[in-house]
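A.B. asks: This is the content of data.cif (mmCIF, C-alpha atoms and all ligand atoms):
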```cif
data_my_file
#
loop_
_atom_site.group_PDB
_atom_site.id
_atom_site.type_symbol
_atom_site.label_atom_id
_atom_site.label_comp_id
_atom_site.auth_asym_id
_atom_site.auth_seq_id
_atom_site.Cartn_x
_atom_site.Cartn_y
_atom_site.Cartn_z
ATOM 1 C CA MET A 76 109.135 52.727 96.071
ATOM 2 C CA TRP A 77 112.340 52.241 98.065
ATOM 3 C CA GLN A 78 114.350 52.013 94.849
ATOM 4 C CA ARG A 79 112.861 55.322 93.711
ATOM 5 C CA LEU A 80 113.616 56.802 97.075
ATOM 6 C CA LYS A 81 117.189 55.536 97.067
ATOM 7 C CA ASN A 82 117.860 57.087 93.682
ATOM 8 C CA LYS A 83 116.911 60.475 95.000
ATOM 9 C CA ILE A 84 118.833 60.464 98.257
ATOM 10 C CA PRO A 85 121.921 62.092 96.673
ATOM 11 C CA TYR A 86 119.685 64.958 95.498
ATOM 12 C CA VAL A 87 118.413 65.485 99.016
ATOM 13 C CA ILE A 88 121.886 65.504 100.553
ATOM 14 C CA LEU A 89 123.202 67.832 97.869
ATOM 15 C CA ALA A 90 120.239 70.164 98.177
ATOM 16 C CA THR A 91 120.587 70.344 101.950
ATOM 17 C CA LEU A 92 124.307 71.066 101.778
ATOM 18 C CA LEU A 93 123.975 73.707 99.101
ATOM 19 C CA LEU A 94 121.032 75.519 100.593
ATOM 20 C CA ALA A 95 123.232 76.186 103.591
ATOM 21 C CA ALA A 96 125.694 78.106 101.407
ATOM 22 C CA VAL A 97 124.230 81.533 100.932
ATOM 23 C CA PHE A 98 125.840 84.516 99.363
ATOM 24 C CA VAL A 99 124.688 87.959 98.485
ATOM 25 C CA TRP A 100 126.105 89.896 95.625
ATOM 26 C CA LEU A 101 124.050 92.764 94.294
ATOM 27 C CA ALA A 102 124.556 96.334 95.436
ATOM 28 C CA ILE A 103 121.559 97.559 97.362
ATOM 29 C CA LEU A 104 120.375 101.082 96.915
ATOM 30 C CA GLU A 105 118.202 102.873 99.443
ATOM 31 C CA SER A 106 114.461 102.399 99.171
ATOM 32 C CA ALA A 107 111.729 103.726 101.391
ATOM 33 C CA PRO A 108 110.076 101.000 103.464
ATOM 34 C CA GLY A 109 106.652 100.034 102.140
ATOM 35 C CA ASP A 110 107.397 101.055 98.570
ATOM 36 C CA LYS A 111 105.960 98.753 95.948
ATOM 37 C CA ILE A 112 107.723 96.523 93.503
ATOM 38 C CA LYS A 113 106.395 95.700 90.096
ATOM 39 C CA ILE A 114 106.590 92.285 88.479
ATOM 40 C CA SER A 115 105.736 92.234 84.770
ATOM 41 C CA PHE A 116 105.243 89.162 82.645
ATOM 42 C CA LEU A 117 105.998 90.707 79.285
ATOM 43 C CA ASP A 118 104.056 89.634 76.240
ATOM 44 C CA VAL A 119 106.930 88.678 73.963
ATOM 45 C CA GLY A 120 105.103 86.013 71.935
ATOM 46 C CA GLN A 121 106.099 82.356 72.296
ATOM 47 C CA GLY A 122 108.793 82.707 74.957
ATOM 48 C CA SER A 123 109.399 84.089 78.429
ATOM 49 C CA ALA A 124 110.475 87.424 79.853
ATOM 50 C CA ILE A 125 109.782 88.599 83.401
ATOM 51 C CA LEU A 126 110.827 92.063 84.572
ATOM 52 C CA VAL A 127 111.138 92.899 88.251
ATOM 53 C CA ASN A 128 111.312 96.587 88.994
ATOM 54 C CA ALA A 129 112.320 97.497 92.540
ATOM 55 C CA PRO A 130 111.413 100.852 94.121
ATOM 56 C CA ASN A 131 115.115 101.762 94.198
ATOM 57 C CA ASN A 132 115.166 101.361 90.386
ATOM 58 C CA ASN A 133 117.120 98.134 90.522
ATOM 59 C CA GLN A 134 115.818 95.917 87.753
ATOM 60 C CA VAL A 135 116.109 92.248 87.041
ATOM 61 C CA LEU A 136 115.094 90.701 83.746
ATOM 62 C CA ILE A 137 114.530 86.955 83.800
ATOM 63 C CA ASP A 138 114.837 85.723 80.186
ATOM 64 C CA GLY A 139 114.247 87.921 77.147
ATOM 65 C CA GLY A 140 111.831 86.089 74.867
ATOM 66 C CA PRO A 141 112.413 85.024 71.250
ATOM 67 C CA SER A 142 113.104 88.383 69.547
ATOM 68 C CA ASP A 143 113.739 92.090 69.980
ATOM 69 C CA ALA A 144 110.084 92.517 71.041
ATOM 70 C CA VAL A 145 111.380 92.804 74.593
ATOM 71 C CA LEU A 146 113.080 96.134 73.804
ATOM 72 C CA ALA A 147 109.806 97.993 73.207
ATOM 73 C CA LYS A 148 108.429 96.474 76.416
ATOM 74 C CA LEU A 149 111.460 97.629 78.401
ATOM 75 C CA GLY A 150 111.142 101.078 76.824
ATOM 76 C CA GLN A 151 107.643 101.319 78.288
ATOM 77 C CA ALA A 152 108.467 99.761 81.645
ATOM 78 C CA LEU A 153 111.694 101.532 82.611
ATOM 79 C CA PRO A 154 112.003 105.155 83.721
ATOM 80 C CA LEU A 155 112.961 107.422 80.813
ATOM 81 C CA PHE A 156 116.675 107.816 81.526
ATOM 82 C CA ASP A 157 117.250 104.433 83.114
ATOM 83 C CA ARG A 158 119.478 102.553 80.676
ATOM 84 C CA LYS A 159 120.810 100.150 83.252
ATOM 85 C CA ILE A 160 119.446 96.728 84.108
ATOM 86 C CA GLU A 161 121.179 95.535 87.220
ATOM 87 C CA LEU A 162 120.816 91.815 86.569
ATOM 88 C CA LEU A 163 119.942 89.537 83.670
ATOM 89 C CA ILE A 164 118.998 85.954 84.474
ATOM 90 C CA LEU A 165 119.112 83.409 81.652
ATOM 91 C CA THR A 166 117.213 80.343 82.869
ATOM 92 C CA HIS A 167 118.554 78.224 79.980
ATOM 93 C CA PRO A 168 119.950 79.010 76.535
ATOM 94 C CA ASP A 169 116.987 78.123 74.288
ATOM 95 C CA SER A 170 116.215 80.849 71.778
ATOM 96 C CA ASP A 171 112.730 81.647 73.120
ATOM 97 C CA HIS A 172 114.497 82.812 76.307
ATOM 98 C CA LEU A 173 117.901 83.893 74.998
ATOM 99 C CA SER A 174 117.341 85.851 71.758
ATOM 100 C CA GLY A 175 115.746 88.853 73.425
ATOM 101 C CA LEU A 176 118.451 88.968 76.085
ATOM 102 C CA ILE A 177 121.088 89.330 73.367
ATOM 103 C CA GLU A 178 119.249 92.434 72.092
ATOM 104 C CA VAL A 179 119.096 93.753 75.651
ATOM 105 C CA LEU A 180 122.846 93.197 76.082
ATOM 106 C CA LYS A 181 123.490 95.216 72.914
ATOM 107 C CA ARG A 182 121.412 98.189 73.970
ATOM 108 C CA TYR A 183 121.414 98.373 77.762
ATOM 109 C CA ASP A 184 124.061 98.744 80.374
ATOM 110 C CA VAL A 185 123.912 95.414 82.219
ATOM 111 C CA GLY A 186 125.285 95.111 85.761
ATOM 112 C CA GLN A 187 125.588 91.352 86.156
ATOM 113 C CA ILE A 188 124.486 88.094 84.626
ATOM 114 C CA LEU A 189 123.271 84.985 86.390
ATOM 115 C CA GLU A 190 123.140 81.832 84.265
ATOM 116 C CA THR A 191 124.133 78.180 84.419
ATOM 117 C CA GLY A 192 126.945 78.480 81.863
ATOM 118 C CA ILE A 193 126.237 75.048 80.367
ATOM 119 C CA ALA A 194 128.020 74.080 77.149
ATOM 120 C CA ASP A 195 125.775 74.783 74.193
ATOM 121 C CA SER A 196 126.927 74.994 70.606
ATOM 122 C CA THR A 197 124.276 77.221 69.012
ATOM 123 C CA ALA A 198 125.398 80.332 67.122
ATOM 124 C CA GLU A 199 123.164 82.404 69.378
ATOM 125 C CA TYR A 200 124.774 81.174 72.541
ATOM 126 C CA HIS A 201 128.193 81.956 71.065
ATOM 127 C CA ALA A 202 126.978 85.471 70.252
ATOM 128 C CA TRP A 203 125.727 85.849 73.820
ATOM 129 C CA ASN A 204 129.039 84.717 75.303
ATOM 130 C CA ASP A 205 131.046 86.916 72.921
ATOM 131 C CA LEU A 206 128.998 89.978 73.860
ATOM 132 C CA ILE A 207 129.434 89.292 77.565
ATOM 133 C CA LYS A 208 133.211 89.059 77.112
ATOM 134 C CA GLN A 209 133.341 92.137 74.920
ATOM 135 C CA LYS A 210 131.401 94.195 77.444
ATOM 136 C CA ASN A 211 133.227 92.677 80.377
ATOM 137 C CA ILE A 212 130.073 91.888 82.331
ATOM 138 C CA PRO A 213 130.505 89.825 85.483
ATOM 139 C CA VAL A 214 128.835 86.410 85.283
ATOM 140 C CA VAL A 215 127.785 84.243 88.212
ATOM 141 C CA PHE A 216 126.978 80.579 87.629
ATOM 142 C CA ALA A 217 123.793 79.802 89.489
ATOM 143 C CA GLN A 218 123.402 77.166 92.150
ATOM 144 C CA ALA A 219 120.854 76.499 94.853
ATOM 145 C CA GLY A 220 121.456 78.619 97.912
ATOM 146 C CA ASP A 221 122.464 81.755 96.023
ATOM 147 C CA ILE A 222 120.540 84.789 97.178
ATOM 148 C CA VAL A 223 120.525 88.002 95.182
ATOM 149 C CA LYS A 224 119.437 90.928 97.294
ATOM 150 C CA MET A 225 117.898 93.659 95.129
ATOM 151 C CA ALA A 226 116.422 96.055 97.652
ATOM 152 C CA ASP A 227 115.217 96.109 101.247
ATOM 153 C CA ASP A 228 112.902 93.102 101.623
ATOM 154 C CA LEU A 229 113.416 92.058 97.993
ATOM 155 C CA ALA A 230 115.569 89.070 97.123
ATOM 156 C CA ILE A 231 115.859 86.352 94.539
ATOM 157 C CA GLU A 232 116.610 82.922 95.919
ATOM 158 C CA ILE A 233 117.984 80.217 93.627
ATOM 159 C CA LEU A 234 116.596 76.710 94.205
ATOM 160 C CA TYR A 235 117.918 74.831 91.167
ATOM 161 C CA PRO A 236 120.320 73.569 89.827
ATOM 162 C CA PHE A 237 121.494 71.994 93.086
ATOM 163 C CA GLY A 238 125.148 72.580 92.167
ATOM 164 C CA LYS A 239 127.056 74.509 89.499
ATOM 165 C CA ILE A 240 126.766 72.917 86.045
ATOM 166 C CA ASN A 241 128.847 75.370 84.002
ATOM 167 C CA GLY A 242 130.785 73.804 81.144
ATOM 168 C CA ARG A 243 128.701 70.635 81.160
ATOM 169 C CA ASP A 244 127.005 69.403 78.000
ATOM 170 C CA PHE A 245 123.363 68.427 78.296
ATOM 171 C CA SER A 246 123.023 67.527 74.601
ATOM 172 C CA LYS A 247 119.833 69.320 73.720
ATOM 173 C CA ASN A 248 118.134 68.513 77.010
ATOM 174 C CA THR A 249 118.529 72.120 78.022
ATOM 175 C CA ASN A 250 115.087 72.350 79.644
ATOM 176 C CA SER A 251 116.372 70.154 82.458
ATOM 177 C CA THR A 252 119.056 72.747 83.231
ATOM 178 C CA SER A 253 116.593 75.609 83.781
ATOM 179 C CA ILE A 254 117.252 77.841 86.740
ATOM 180 C CA VAL A 255 114.408 77.671 89.250
ATOM 181 C CA GLY A 256 114.137 80.547 91.667
ATOM 182 C CA LYS A 257 111.914 82.474 93.979
ATOM 183 C CA ILE A 258 111.412 86.206 94.056
ATOM 184 C CA ARG A 259 110.604 87.235 97.608
ATOM 185 C CA TYR A 260 109.188 90.584 98.570
ATOM 186 C CA GLY A 261 107.867 90.987 102.108
ATOM 187 C CA LYS A 262 105.349 88.205 102.537
ATOM 188 C CA ASN A 263 104.991 87.613 98.782
ATOM 189 C CA ALA A 264 106.759 85.090 96.648
ATOM 190 C CA LEU A 265 106.824 84.307 92.961
ATOM 191 C CA LEU A 266 108.289 81.060 91.671
ATOM 192 C CA PHE A 267 109.844 80.893 88.198
ATOM 193 C CA THR A 268 111.002 77.655 86.621
ATOM 194 C CA GLY A 269 112.037 78.477 83.051
ATOM 195 C CA ASP A 270 111.228 75.425 80.937
ATOM 196 C CA ALA A 271 111.831 72.915 83.751
ATOM 197 C CA GLU A 272 109.843 69.707 83.395
ATOM 198 C CA GLY A 273 109.057 66.750 85.630
ATOM 199 C CA ASN A 274 112.688 65.655 85.969
ATOM 200 C CA VAL A 275 113.447 68.971 87.691
ATOM 201 C CA GLU A 276 110.160 69.373 89.555
ATOM 202 C CA GLU A 277 110.344 65.901 91.082
ATOM 203 C CA PRO A 278 113.700 66.222 92.880
ATOM 204 C CA LEU A 279 112.708 69.699 94.099
ATOM 205 C CA VAL A 280 109.535 68.310 95.640
ATOM 206 C CA PHE A 281 111.283 65.199 96.912
ATOM 207 C CA ALA A 282 114.069 67.188 98.566
ATOM 208 C CA GLY A 283 111.418 68.975 100.598
ATOM 209 C CA ILE A 284 112.536 72.401 99.437
ATOM 210 C CA ASN A 285 110.093 75.150 100.331
ATOM 211 C CA LEU A 286 108.465 75.905 96.992
ATOM 212 C CA LYS A 287 105.488 77.843 98.358
ATOM 213 C CA ALA A 288 104.645 80.927 96.313
ATOM 214 C CA ASP A 289 101.570 83.121 95.753
ATOM 215 C CA ILE A 290 102.333 83.493 92.063
ATOM 216 C CA LEU A 291 103.601 80.687 89.834
ATOM 217 C CA ALA A 292 105.202 81.459 86.498
ATOM 218 C CA VAL A 293 103.932 78.270 84.886
ATOM 219 C CA GLY A 294 106.808 76.118 83.607
ATOM 220 C CA HIS A 295 107.571 75.550 79.924
ATOM 221 C CA HIS A 296 104.762 77.771 78.626
ATOM 222 C CA GLY A 297 102.159 75.365 80.014
ATOM 223 C CA GLY A 298 103.664 72.271 78.344
ATOM 224 C CA LYS A 299 102.162 68.993 79.522
ATOM 225 C CA ASN A 300 105.379 67.611 81.056
ATOM 226 C CA SER A 301 105.615 70.484 83.511
ATOM 227 C CA THR A 302 103.444 71.585 86.431
ATOM 228 C CA SER A 303 102.787 68.102 87.822
ATOM 229 C CA PRO A 304 100.036 67.796 90.438
ATOM 230 C CA GLU A 305 102.683 67.094 93.134
ATOM 231 C CA PHE A 306 104.688 70.152 92.158
ATOM 232 C CA LEU A 307 101.598 72.320 92.054
ATOM 233 C CA ALA A 308 100.570 71.077 95.506
ATOM 234 C CA ALA A 309 104.004 71.993 96.881
ATOM 235 C CA VAL A 310 103.899 75.495 95.392
ATOM 236 C CA ALA A 311 100.241 76.036 96.321
ATOM 237 C CA PRO A 312 99.910 79.280 94.333
ATOM 238 C CA LYS A 313 96.851 81.526 94.168
ATOM 239 C CA ILE A 314 97.795 82.932 90.791
ATOM 240 C CA ALA A 315 99.261 81.199 87.728
ATOM 241 C CA VAL A 316 100.751 83.106 84.798
ATOM 242 C CA ILE A 317 101.420 81.350 81.505
ATOM 243 C CA GLN A 318 103.845 83.015 79.091
ATOM 244 C CA VAL A 319 102.820 81.758 75.701
ATOM 245 C CA GLY A 320 102.357 82.947 72.106
ATOM 246 C CA ALA A 321 98.977 82.923 70.385
ATOM 247 C CA LYS A 322 98.424 79.919 68.088
ATOM 248 C CA ASN A 323 101.899 78.504 68.794
ATOM 249 C CA LYS A 324 102.925 75.327 67.001
ATOM 250 C CA TYR A 325 103.473 73.391 70.250
ATOM 251 C CA GLY A 326 99.873 73.574 71.372
ATOM 252 C CA HIS A 327 100.920 75.350 74.585
ATOM 253 C CA PRO A 328 99.340 75.578 77.057
ATOM 254 C CA ALA A 329 98.314 71.920 77.232
ATOM 255 C CA PRO A 330 94.664 71.336 78.144
ATOM 256 C CA GLU A 331 95.695 68.968 80.957
ATOM 257 C CA VAL A 332 97.834 71.706 82.538
ATOM 258 C CA LEU A 333 94.931 74.172 82.344
ATOM 259 C CA ASP A 334 92.882 71.471 84.036
ATOM 260 C CA ARG A 335 95.399 71.124 86.881
ATOM 261 C CA LEU A 336 95.378 74.899 87.350
ATOM 262 C CA LYS A 337 91.602 75.048 87.740
ATOM 263 C CA GLY A 338 90.534 77.072 90.754
ATOM 264 C CA LEU A 339 93.492 79.478 90.488
ATOM 265 C CA ASP A 340 93.473 82.916 88.922
ATOM 266 C CA ILE A 341 95.028 82.176 85.545
ATOM 267 C CA PHE A 342 96.556 84.820 83.296
ATOM 268 C CA ARG A 343 98.064 84.189 79.857
ATOM 269 C CA THR A 344 100.180 86.546 77.816
ATOM 270 C CA ASP A 345 98.540 85.340 74.570
ATOM 271 C CA MET A 346 95.168 86.568 75.830
ATOM 272 C CA ASP A 347 95.873 89.124 78.558
ATOM 273 C CA LYS A 348 99.009 90.607 76.880
ATOM 274 C CA ASP A 349 101.416 92.082 79.497
ATOM 275 C CA VAL A 350 100.479 90.795 82.938
ATOM 276 C CA ALA A 351 101.791 92.972 85.765
ATOM 277 C CA PHE A 352 101.504 92.875 89.538
ATOM 278 C CA GLU A 353 102.203 95.601 92.042
ATOM 279 C CA CYS A 354 103.381 94.141 95.307
ATOM 280 C CA GLY A 355 103.490 95.798 98.686
ATOM 281 C CA LEU A 356 105.104 93.998 101.596
ATOM 282 C CA ALA A 357 101.837 92.235 102.377
ATOM 283 C CA ILE A 358 99.935 91.672 99.140
ATOM 284 C CA CYS A 359 100.323 91.655 95.366
ATOM 285 C CA GLN A 360 97.655 93.179 93.193
ATOM 286 C CA LYS A 361 97.181 92.717 89.503
ATOM 287 C CA GLU A 362 97.482 95.931 87.555
ATOM 288 C CA ARG A 363 94.553 96.710 85.321
HETATM 289 ZN ZN ZN B 1 110.759 78.128 76.465
#
```
Using structure tokens, write down the structure that the file contains.
C.D. replies:
Amino acid sequence: MWQRLKNKIPYVILATLLLAAVFVWLAILESAPGDKIKISFLDVGQGSAILVNAPNNNQVLIDGGPSDAVLAKLGQALPLFDRKIELLILTHPDSDHLSGLIEVLKRYDVGQILETGIADSTAEYHAWNDLIKQKNIPVVFAQAGDIVKMADDLAIEILYPFGKINGRDFSKNTNSTSIVGKIRYGKNALLFTGDAEGNVEEPLVFAGINLKADILAVGHHGGKNSTSPEFLAAVAPKIAVIQVGAKNKYGHPAPEVLDRLKGLDIFRTDMDKDVAFECGLAICQKER
């Protein structure tokens, strides 16, 4: 036990140091107090895409799914003449998260990008980086402690990675580089973890970081190596949303994960299609 503990002490120290370093970097537009935000888990097939729409029309898109399917979803979700998405977050550069974001970059005016900037040699990731350069979009490399303020009472707080990892090569273990963050609105919180698995969940729990959230975007499409009982206990969500494609070849979501989620309200994009919540400062309600 002590050996395990000792191995993790650097994580704890790093996490504590970095969580103290907070910075805020998104322009805030006026919004009336008490206005609602909308969080939509878009049905993009086997992949992830979460759209946060603030009452001041600031939007954040967290991942874009595996194809251009996200474009039709954005067309429905955004106001008619709103061609600007204030922030794109790429949790990690796997194609079921990245491909759709490339299509979004081509067709929308994007304010800023938050990503890890890890080294990755896929053609898609090159295309993504080329487009960003071509369009001159500011990029911030995520690290714990970053806070993106989107509107009054609405902020995104980054919890992982503990430090910047841009330029580093994770040789195909990209899931372990996933950005983990919390969307906070009034008393509500939603936790997203990309495709993070146990080796990310464990240090987050061990470092004692406040993971509590009403809504959990279930990690790695419900894969069995994510959403450990300890992690789930630390998040203590009421609602779990699984972004997953029907009849996918990975067998997501894993039956054991569904078992661990028992007792929560569970929504799945393969069955429920788009899953959206309207959140006031006090409570979030599922849209019908
Ligand atoms: Zn994925």
A.B. asks: Would you mind reading off the distance between atom CA of Gln187 of chain A and atom CA of Ile137 of chain A, one decimal, in Å?
C.D. replies: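 According to the coordinates, atom CA of Gln187 of chain A and atom CA of Ile137 of chain A are separated by 12.1 Å.
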A.B. asks: Segment 236-250 of chain A: which residues within 8 Å, counting all atoms listed in the file, same-chain residues fewer than 5 positions away excluded, as a VMD selection string?
C.D. replies: chain A and resid 86 89 to 90 93 167 to 169 191 to 195 216 to 219 255 269 to 272
A.B. asks: Could you pull the residues within 9 Å of Gly320 of chain A, counting all atoms listed in the file, minus those fewer than 3 positions along the same chain, as a list in words?
C.D. replies: Asp118, Val119, Gly120, Gln121, Gly122, His296, Asn323, His327, Arg343, Thr344, Asp345 and Met346 of chain A
A.B. asks: Write out, as an mmCIF file, in the coordinates of the input, the residues just selected, with C-alpha atoms.
C.D. replies:
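Written file, again_6.cif:
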```cif
data_model
loop_
_atom_site.group_PDB
_atom_site.id
_atom_site.type_symbol
_atom_site.label_atom_id
_atom_site.label_comp_id
_atom_site.auth_asym_id
_atom_site.auth_seq_id
_atom_site.Cartn_x
_atom_site.Cartn_y
_atom_site.Cartn_z
ATOM 1 C CA ASP A 118 104.056 89.634 76.240
ATOM 2 C CA VAL A 119 106.930 88.678 73.963
ATOM 3 C CA GLY A 120 105.103 86.013 71.935
ATOM 4 C CA GLN A 121 106.099 82.356 72.296
ATOM 5 C CA GLY A 122 108.793 82.707 74.957
ATOM 6 C CA HIS A 296 104.762 77.771 78.626
ATOM 7 C CA ASN A 323 101.899 78.504 68.794
ATOM 8 C CA HIS A 327 100.920 75.350 74.585
ATOM 9 C CA ARG A 343 98.064 84.189 79.857
ATOM 10 C CA THR A 344 100.180 86.546 77.816
ATOM 11 C CA ASP A 345 98.540 85.340 74.570
ATOM 12 C CA MET A 346 95.168 86.568 75.830
#
```
A.B. asks: Give me, please, the distance in Å between atom CA of Asp334 of chain A and atom CA of Ile290 of chain A, quoted to one decimal.
C.D. replies: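 If I compute the distance from atom CA of Asp334 of chain A to atom CA of Ile290 of chain A, I get 17.3 Å.
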A.B. asks: Return the single residue from A:Ile233, A:Val319, A:Leu266, A:Val214 that is closest to ligand ZN 1 (chain B), with distances computed using all atoms listed in the file.
C.D. replies: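 Ranked by minimum distance to ligand ZN 1 (chain B), first place goes to A:Val319.
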A.B. asks: As an exercise, work out the distance from atom CA of Gln209 of chain A to atom CA of Ile254 of chain A in Å and give it to one decimal place.
C.D. replies: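 We find that atom CA of Gln209 of chain A and atom CA of Ile254 of chain A lie 24.6 Å from each other.
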A.B. asks: Can you pull out every residue within 10 Å of segment 179-181 of chain A, counting only C-alpha atoms, but drop anything in the same chain fewer than 4 positions away, and send it as a VMD selection string?
C.D. replies: chain A and resid 136 139 143 145 to 146 149 160 163 173 to 175 185 203 206 to 207 210 212
A.B. asks: So what does the PyMOL selection byres (((chain A and resi 315) around 7) and not hetatm) actually pick up in this one, as a PyMOL selection string?
C.D. replies: chain A and resi 290-293+312-314+316-317+339-342
A.B. asks: For His172 of chain A, find every residue with an atom within 8 Å (counting all atoms listed in the file), except residues of its own chain fewer than 6 positions away, and show them as number ranges by chain.
C.D. replies: A: 122-124, 138-141, 165-166
A.B. asks: Given the choices A:Gly283, A:Pro213, A:Pro130, A:Gly256, which gets closest to Leu229 of chain A if the distance is worked out from all atoms listed in the file?
C.D. replies: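 Ranked by minimum distance to Leu229 of chain A, first place goes to A:Pro130.
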A.B. asks: Which residues are close to Leu279 of chain A, i.e. within 9 Å by only C-alpha atoms, leaving aside same-chain residues fewer than 2 positions away? Reply as a ChimeraX atom specification.
C.D. replies: /A:86-87,90,234-235,275-277,281-286,306
A.B. asks: Given the file shown, determine the residues that the PyMOL selection byres (((chain A and resi 154) around 12) and not hetatm) selects; report them as JSON, numbers by chain.
C.D. replies: {"A": [128, 129, 130, 131, 132, 133, 134, 148, 149, 150, 151, 152, 153, 155, 156, 157, 158, 159, 160]}
A.B. asks: Could you pull out every residue with an atom within 9 Å of (97.6, 91.8, 89.4), file coordinates, counting all atoms listed in the file, and send them as a list in words?
C.D. replies: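 I get Ile314, Val350, Ala351, Phe352, Glu353, Cys354, Cys359, Gln360, Lys361, Glu362 and Arg363 of chain A for the residues within 9 Å of that point.
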A.B. asks: Looking at A:Thr197, A:Ser115, A:Ser142, A:Gln318, which one is nearest to ligand ZN 1 (chain B), with distances taken over all atoms listed in the file?
C.D. replies: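 Smallest separation from ligand ZN 1 (chain B) among the options: A:Gln318.
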A.B. asks: Which is closer to Asp228 of chain A than all the others in A:Arg259, A:Arg182, A:Lys322, A:Lys299, using only C-alpha atoms?
C.D. replies: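 Checking each of A:Arg259, A:Arg182, A:Lys322, A:Lys299 against Asp228 of chain A, counting only C-alpha atoms, the winner is A:Arg259.
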A.B. asks: Using all atoms listed in the file, can you tell me which of A:Asn263, A:Ser170, A:Thr302, A:Ser251 comes closest to ligand ZN 1 (chain B)?
C.D. replies: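 The closest residue to ligand ZN 1 (chain B) is A:Ser170.
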A.B. asks: Determine the nearest neighbour of Lys224 of chain A from the options A:Ala264, A:Ile188, A:Val135, A:Val310, counting only C-alpha atoms.
C.D. replies: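 Ranked by minimum distance to Lys224 of chain A, first place goes to A:Val135.
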A.B. asks: Padding of 3 Å on every side, edges along x, y and z, all listed atoms of segment 108-117 of chain A included: what centre and edge lengths in Å, to one decimal, does that box have, as lines of an AutoDock Vina configuration file?
C.D. replies:
```
center_x = 107.7
center_y = 95.1
center_z = 91.4
size_x = 10.8
size_y = 17.9
size_z = 30.2
```
